[in-house]
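> Once you've had a glance at the structure underneath, I'll fire off some questions.
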Amino acid sequence: MLSIIVPTYCEEENIHPVVARIRAALDSKLDYEIVFVDDNSPDKTVERVGELQKQGAPVRIIVRKDERGLCSAILRGFREARGDLLLCMDADLSHPPEAIPDMVQAQKQNQADMVIGSRYVAGGKTEEGWGLFRWLNSRVAGLLARPLTAVRDAMTGFFVMPRSVFERAKDLNPIGYKFALELIIKCPCRNVVEIPIFFADRQHGESKLSLAEQARYILHLKRLYDYRYGKASRFIQFCLIGASGIIVNLLVYSILLKLGLQEGLAYALAIWVSLTWNFVPNRYLTFDLTSQQPVWPQYGRFVVTCSLGAVVNWLITMTLSHQGGWFDQHKLFAALIGIAAGTIFNFMISHEWAFRAARVRK
């Protein structure tokens, strides 16, 4: 049996058309159900599904009143579905129901972990009039995910997979709107087949894609990098934040000097500002799963960690630059080694101690 999961919010105008096209494509071909997962829409989405139920359509609806979000809606639908094949699609008919039989057949023929209705393989295309910004947004989002998967259209919301593959997923923690990418990484899906589709613009209602959703996608992507690459991913984030802290340090130092502060006090304040600057993104990005813990104990541990790291940096730099030989003539390289050692020390202690509280697995 095929379970078709359709997340909805304010899609009353699309319910009847999407069900009609699914039935035209699948009736007499497949045993299936359509499961709408609705985030308590204030319009008549629920009523429209009820109308179809009374008419004998193979539909049902789950109404969520205490939870919101596209990924979590799909996850709820997958968990409550009855079928041994699970398919996700949008309610707005941007995904063609007529492609569903081909997707199911491709899954069976290839014993695929996932089959994707793809815009970006040969034969796939999007409706004209997308505009440069929308096209770039989709392409850039896909490129950011390429180190995680070779799938061309990992941003898709139109895919089918066996329940057995879904059930081997570990640590599902989706945010935003890209559930297929979450499943590809965490199931994991090694055999992914993409078949071409025509991706149409929605005819009714409004798109749910906003800047907030795009920001959630970046955080979701960051968590998937952490899941796949572990400490290496977090170390790169830590270094990038640290590099930005150097810029902040120099900027604040220059401003304070121009304001007439004494040199020593100005530099001490610049260090404090840059340290605080580093703490905030590390708390909410690099070690984001600990961000619900009390802030001041974390801040205190981070200050201690950075202070010890500065001592490590100084000791190694001074030792190398005063031991004679090559480093005595190239003190800058001694300083670079000291900085590298101090950075690694800071990261390791931050990871294991400063941001240690209640870290959960991703």
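A note on labels: chains of the structure tokens are A, B, ... as shown, every chain counts residues from 1, and ligands are counted from 1 in their shown order.
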Could you give me, as a Markdown table, every stretch 256-348 of chain A residue with an atom at most 7 Å from stretch 245-251 of chain A, plus its closest atom pair and distance in Å to one decimal, counting only C-alpha atoms, rows ordered by chain then number?

```
| residue | atom | partner | partner_atom | distance |
| --- | --- | --- | --- | --- |
| A:Ala270 | CA | A:Asn249 | CA | 5.1 |
| A:Ile271 | CA | A:Asn249 | CA | 6.0 |
| A:Val273 | CA | A:Asn249 | CA | 7.0 |
| A:Ser274 | CA | A:Gly245 | CA | 5.0 |
| A:Trp277 | CA | A:Gly245 | CA | 6.4 |
| A:Asn278 | CA | A:Gly245 | CA | 5.9 |
```
> Dump C-alpha atoms for the selected residues as a short mmCIF file (atom, residue, chain, number, x, y, z; two decimals), in the first residue's frame?

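So the final result, stored in part_29.cif, reads:
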```
data_model
loop_
_atom_site.label_atom_id
_atom_site.label_comp_id
_atom_site.auth_asym_id
_atom_site.auth_seq_id
_atom_site.Cartn_x
_atom_site.Cartn_y
_atom_site.Cartn_z
CA ALA A 270 38.74 45.18 22.66
CA ILE A 271 39.65 41.68 23.89
CA VAL A 273 34.27 42.66 23.19
CA SER A 274 35.77 40.19 20.73
CA TRP A 277 31.38 38.32 20.12
CA ASN A 278 32.89 34.84 19.76
#
```
> Residues within 10 Å of A:Arg223, please, as a PyMOL selection string. Count only C-alpha atoms; anything in the same chain fewer than 6 positions from it doesn't count.
chain A and resi 173-175+182+217+229-230+233-234+285-289+362
> Select, from A:Ala81, A:Leu259, A:Leu269, A:Ala154, the residue with the minimum atom-to-atom distance to A:Ala180, counting only C-alpha atoms.
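Closest candidate: A:Ala154.
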> Closest to A:Asn40 among A:Ala106, A:Tyr9, A:Ala25, A:Pro58, using only C-alpha atoms?
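With only C-alpha atoms as the atom set, the closest residue is A:Tyr9.
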> May I have all residues of stretch 7-140 of chain A that DSSP, computed from the backbone, assigns to strand (DSSP E or B), given as a compact mmCIF listing (two decimals) with C-alpha atoms, in the first residue's frame?

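For reference, selection-v9.txt as written:
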```
# COMPACT_ATOMS: atom_id res chain seq x y z
CA PRO A 7 1.31 18.66 4.71
CA THR A 8 -1.10 21.60 4.67
CA TYR A 32 -3.23 3.93 -1.69
CA GLU A 33 -4.31 6.41 0.97
CA ILE A 34 -3.92 10.18 1.16
CA VAL A 35 -3.00 11.53 4.58
CA PHE A 36 -3.25 15.28 5.05
CA VAL A 37 -1.32 16.67 8.03
CA ASP A 38 -2.69 20.10 8.83
CA VAL A 59 -8.41 10.48 2.44
CA ARG A 60 -7.97 11.28 6.11
CA ILE A 61 -6.55 14.21 8.02
CA ILE A 62 -4.39 14.70 11.10
CA VAL A 63 -4.85 18.14 12.68
CA LEU A 85 5.63 2.86 0.75
CA LEU A 86 5.67 6.48 1.94
CA LEU A 87 5.36 9.37 -0.48
CA CYS A 88 5.54 13.08 0.29
CA MET A 114 14.43 6.82 -2.17
CA VAL A 115 13.02 8.01 -5.49
CA ILE A 116 12.90 11.74 -6.09
CA GLY A 117 10.79 13.71 -8.54
CA SER A 118 13.62 15.92 -9.75
CA LYS A 125 12.22 21.49 -15.66
CA THR A 126 10.45 24.27 -13.83
```
> Name the closest residue to A:Val18 among the candidates A:Ser3, A:Gln329, A:Asp90, A:Ser72; distances are taken between atoms, counting only C-alpha atoms.
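Under the stated criterion, the closest residue is A:Asp90.
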> Tell me which of A:Ser321, A:Phe198, A:Arg48, A:Tyr225 sits closest to A:Ala334, counting only C-alpha atoms.
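Checking each of A:Ser321, A:Phe198, A:Arg48, A:Tyr225 against A:Ala334, counting only C-alpha atoms, the winner is A:Ser321.
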> State, in Å with one decimal place, the distance from atom CA of A:Asn14 to atom CA of A:Glu194.
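Atom CA of A:Glu194 lies at a distance of 26.0 Å from atom CA of A:Asn14.
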> Please, what distance in Å, to one decimal, runs between atom CA of A:Val303 and atom CA of A:Phe235?
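Going from atom CA of A:Val303 over to atom CA of A:Phe235 covers 18.0 Å.
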> Just want the 7 Å neighbourhood of A:Val165, counted on only C-alpha atoms, with same-chain residues fewer than 4 positions away dropped. Output as a ChimeraX atom specification.
/A:113,161,187
> With N, CA and C atoms retained, could you export that selection as a PDB file, in the first residue's frame?

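After the write, out-v3.pdb holds the following:
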```
ATOM      1  N   ASP A 113      16.374   3.176  -2.131  1.00  0.00           N
ATOM      2  CA  ASP A 113      16.095   3.699  -0.793  1.00  0.00           C
ATOM      3  C   ASP A 113      15.162   4.900  -0.874  1.00  0.00           C
ATOM      4  N   MET A 161       9.704   6.538  -0.522  1.00  0.00           N
ATOM      5  CA  MET A 161      10.680   5.628   0.060  1.00  0.00           C
ATOM      6  C   MET A 161       9.957   4.498   0.779  1.00  0.00           C
ATOM      7  N   CYS A 187      18.965   8.168   7.211  1.00  0.00           N
ATOM      8  CA  CYS A 187      18.420   6.799   7.120  1.00  0.00           C
ATOM      9  C   CYS A 187      19.507   5.707   7.075  1.00  0.00           C
TER      10      CYS A 187
END
```
> Restrict the calculation to only C-alpha atoms, then for each residue of stretch 160-259 of chain A with any atom at most 12 Å from an atom of stretch 279-282 of chain A give the closest atom pair and their distance in Å to one decimal, rows by chain and rising residue number, as CSV.

```
residue,atom,partner,partner_atom,distance
A:Arg234,CA,A:Asn282,CA,9.3
A:Phe235,CA,A:Asn282,CA,10.5
A:Ile236,CA,A:Asn282,CA,11.4
A:Gln237,CA,A:Asn282,CA,8.1
A:Phe238,CA,A:Asn282,CA,6.8
A:Cys239,CA,A:Asn282,CA,10.1
A:Leu240,CA,A:Asn282,CA,10.2
A:Ile241,CA,A:Pro281,CA,7.1
A:Gly242,CA,A:Asn282,CA,9.3
A:Ser244,CA,A:Pro281,CA,10.5
A:Gly245,CA,A:Phe279,CA,9.6
```
> With N, CA and C atoms retained, write the just-selected residues as a PDB file, in the first residue's frame.

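Listing of selection-v6.pdb after writing:
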```
ATOM      1  N   ARG A 234      32.268  21.228  13.409  1.00  0.00           N
ATOM      2  CA  ARG A 234      32.197  22.246  14.462  1.00  0.00           C
ATOM      3  C   ARG A 234      33.504  23.017  14.590  1.00  0.00           C
ATOM      4  N   PHE A 235      34.636  22.361  14.321  1.00  0.00           N
ATOM      5  CA  PHE A 235      35.929  23.046  14.398  1.00  0.00           C
ATOM      6  C   PHE A 235      36.027  24.127  13.326  1.00  0.00           C
ATOM      7  N   ILE A 236      35.556  23.832  12.115  1.00  0.00           N
ATOM      8  CA  ILE A 236      35.579  24.835  11.044  1.00  0.00           C
ATOM      9  C   ILE A 236      34.714  26.026  11.425  1.00  0.00           C
ATOM     10  N   GLN A 237      33.533  25.759  11.970  1.00  0.00           N
ATOM     11  CA  GLN A 237      32.663  26.854  12.419  1.00  0.00           C
ATOM     12  C   GLN A 237      33.360  27.681  13.505  1.00  0.00           C
ATOM     13  N   PHE A 238      34.001  26.982  14.444  1.00  0.00           N
ATOM     14  CA  PHE A 238      34.693  27.643  15.542  1.00  0.00           C
ATOM     15  C   PHE A 238      35.796  28.558  15.005  1.00  0.00           C
ATOM     16  N   CYS A 239      36.538  28.088  13.999  1.00  0.00           N
ATOM     17  CA  CYS A 239      37.626  28.879  13.422  1.00  0.00           C
ATOM     18  C   CYS A 239      37.093  30.096  12.661  1.00  0.00           C
ATOM     19  N   LEU A 240      36.004  29.910  11.925  1.00  0.00           N
ATOM     20  CA  LEU A 240      35.424  31.033  11.183  1.00  0.00           C
ATOM     21  C   LEU A 240      34.926  32.114  12.133  1.00  0.00           C
ATOM     22  N   ILE A 241      34.307  31.693  13.216  1.00  0.00           N
ATOM     23  CA  ILE A 241      33.850  32.660  14.214  1.00  0.00           C
ATOM     24  C   ILE A 241      35.048  33.347  14.863  1.00  0.00           C
ATOM     25  N   GLY A 242      36.087  32.568  15.142  1.00  0.00           N
ATOM     26  CA  GLY A 242      37.291  33.150  15.715  1.00  0.00           C
ATOM     27  C   GLY A 242      37.932  34.175  14.797  1.00  0.00           C
ATOM     28  N   SER A 244      36.353  36.020  12.607  1.00  0.00           N
ATOM     29  CA  SER A 244      35.534  37.233  12.670  1.00  0.00           C
ATOM     30  C   SER A 244      35.820  38.000  13.961  1.00  0.00           C
ATOM     31  N   GLY A 245      36.152  37.268  15.035  1.00  0.00           N
ATOM     32  CA  GLY A 245      36.479  37.916  16.299  1.00  0.00           C
ATOM     33  C   GLY A 245      37.748  38.752  16.218  1.00  0.00           C
TER      34      GLY A 245
END
```
> To one decimal place, how far is atom CA of A:Asp39 from atom CA of A:Val140 in Å?
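Separation of atom CA of A:Asp39 and atom CA of A:Val140: 28.8 Å.
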> Quick one: residues within 7 Å of A:Ile74, only C-alpha atoms, excluding same-chain residues fewer than 3 positions away - as a count of residues only?
6
> Determine which residues of stretch 280-327 of chain A receive a DSSP assignment of alpha helix (DSSP H), computed from the backbone, and state them as an NGL selection string.
:A and (280-281 or 295-321 or 326-327)
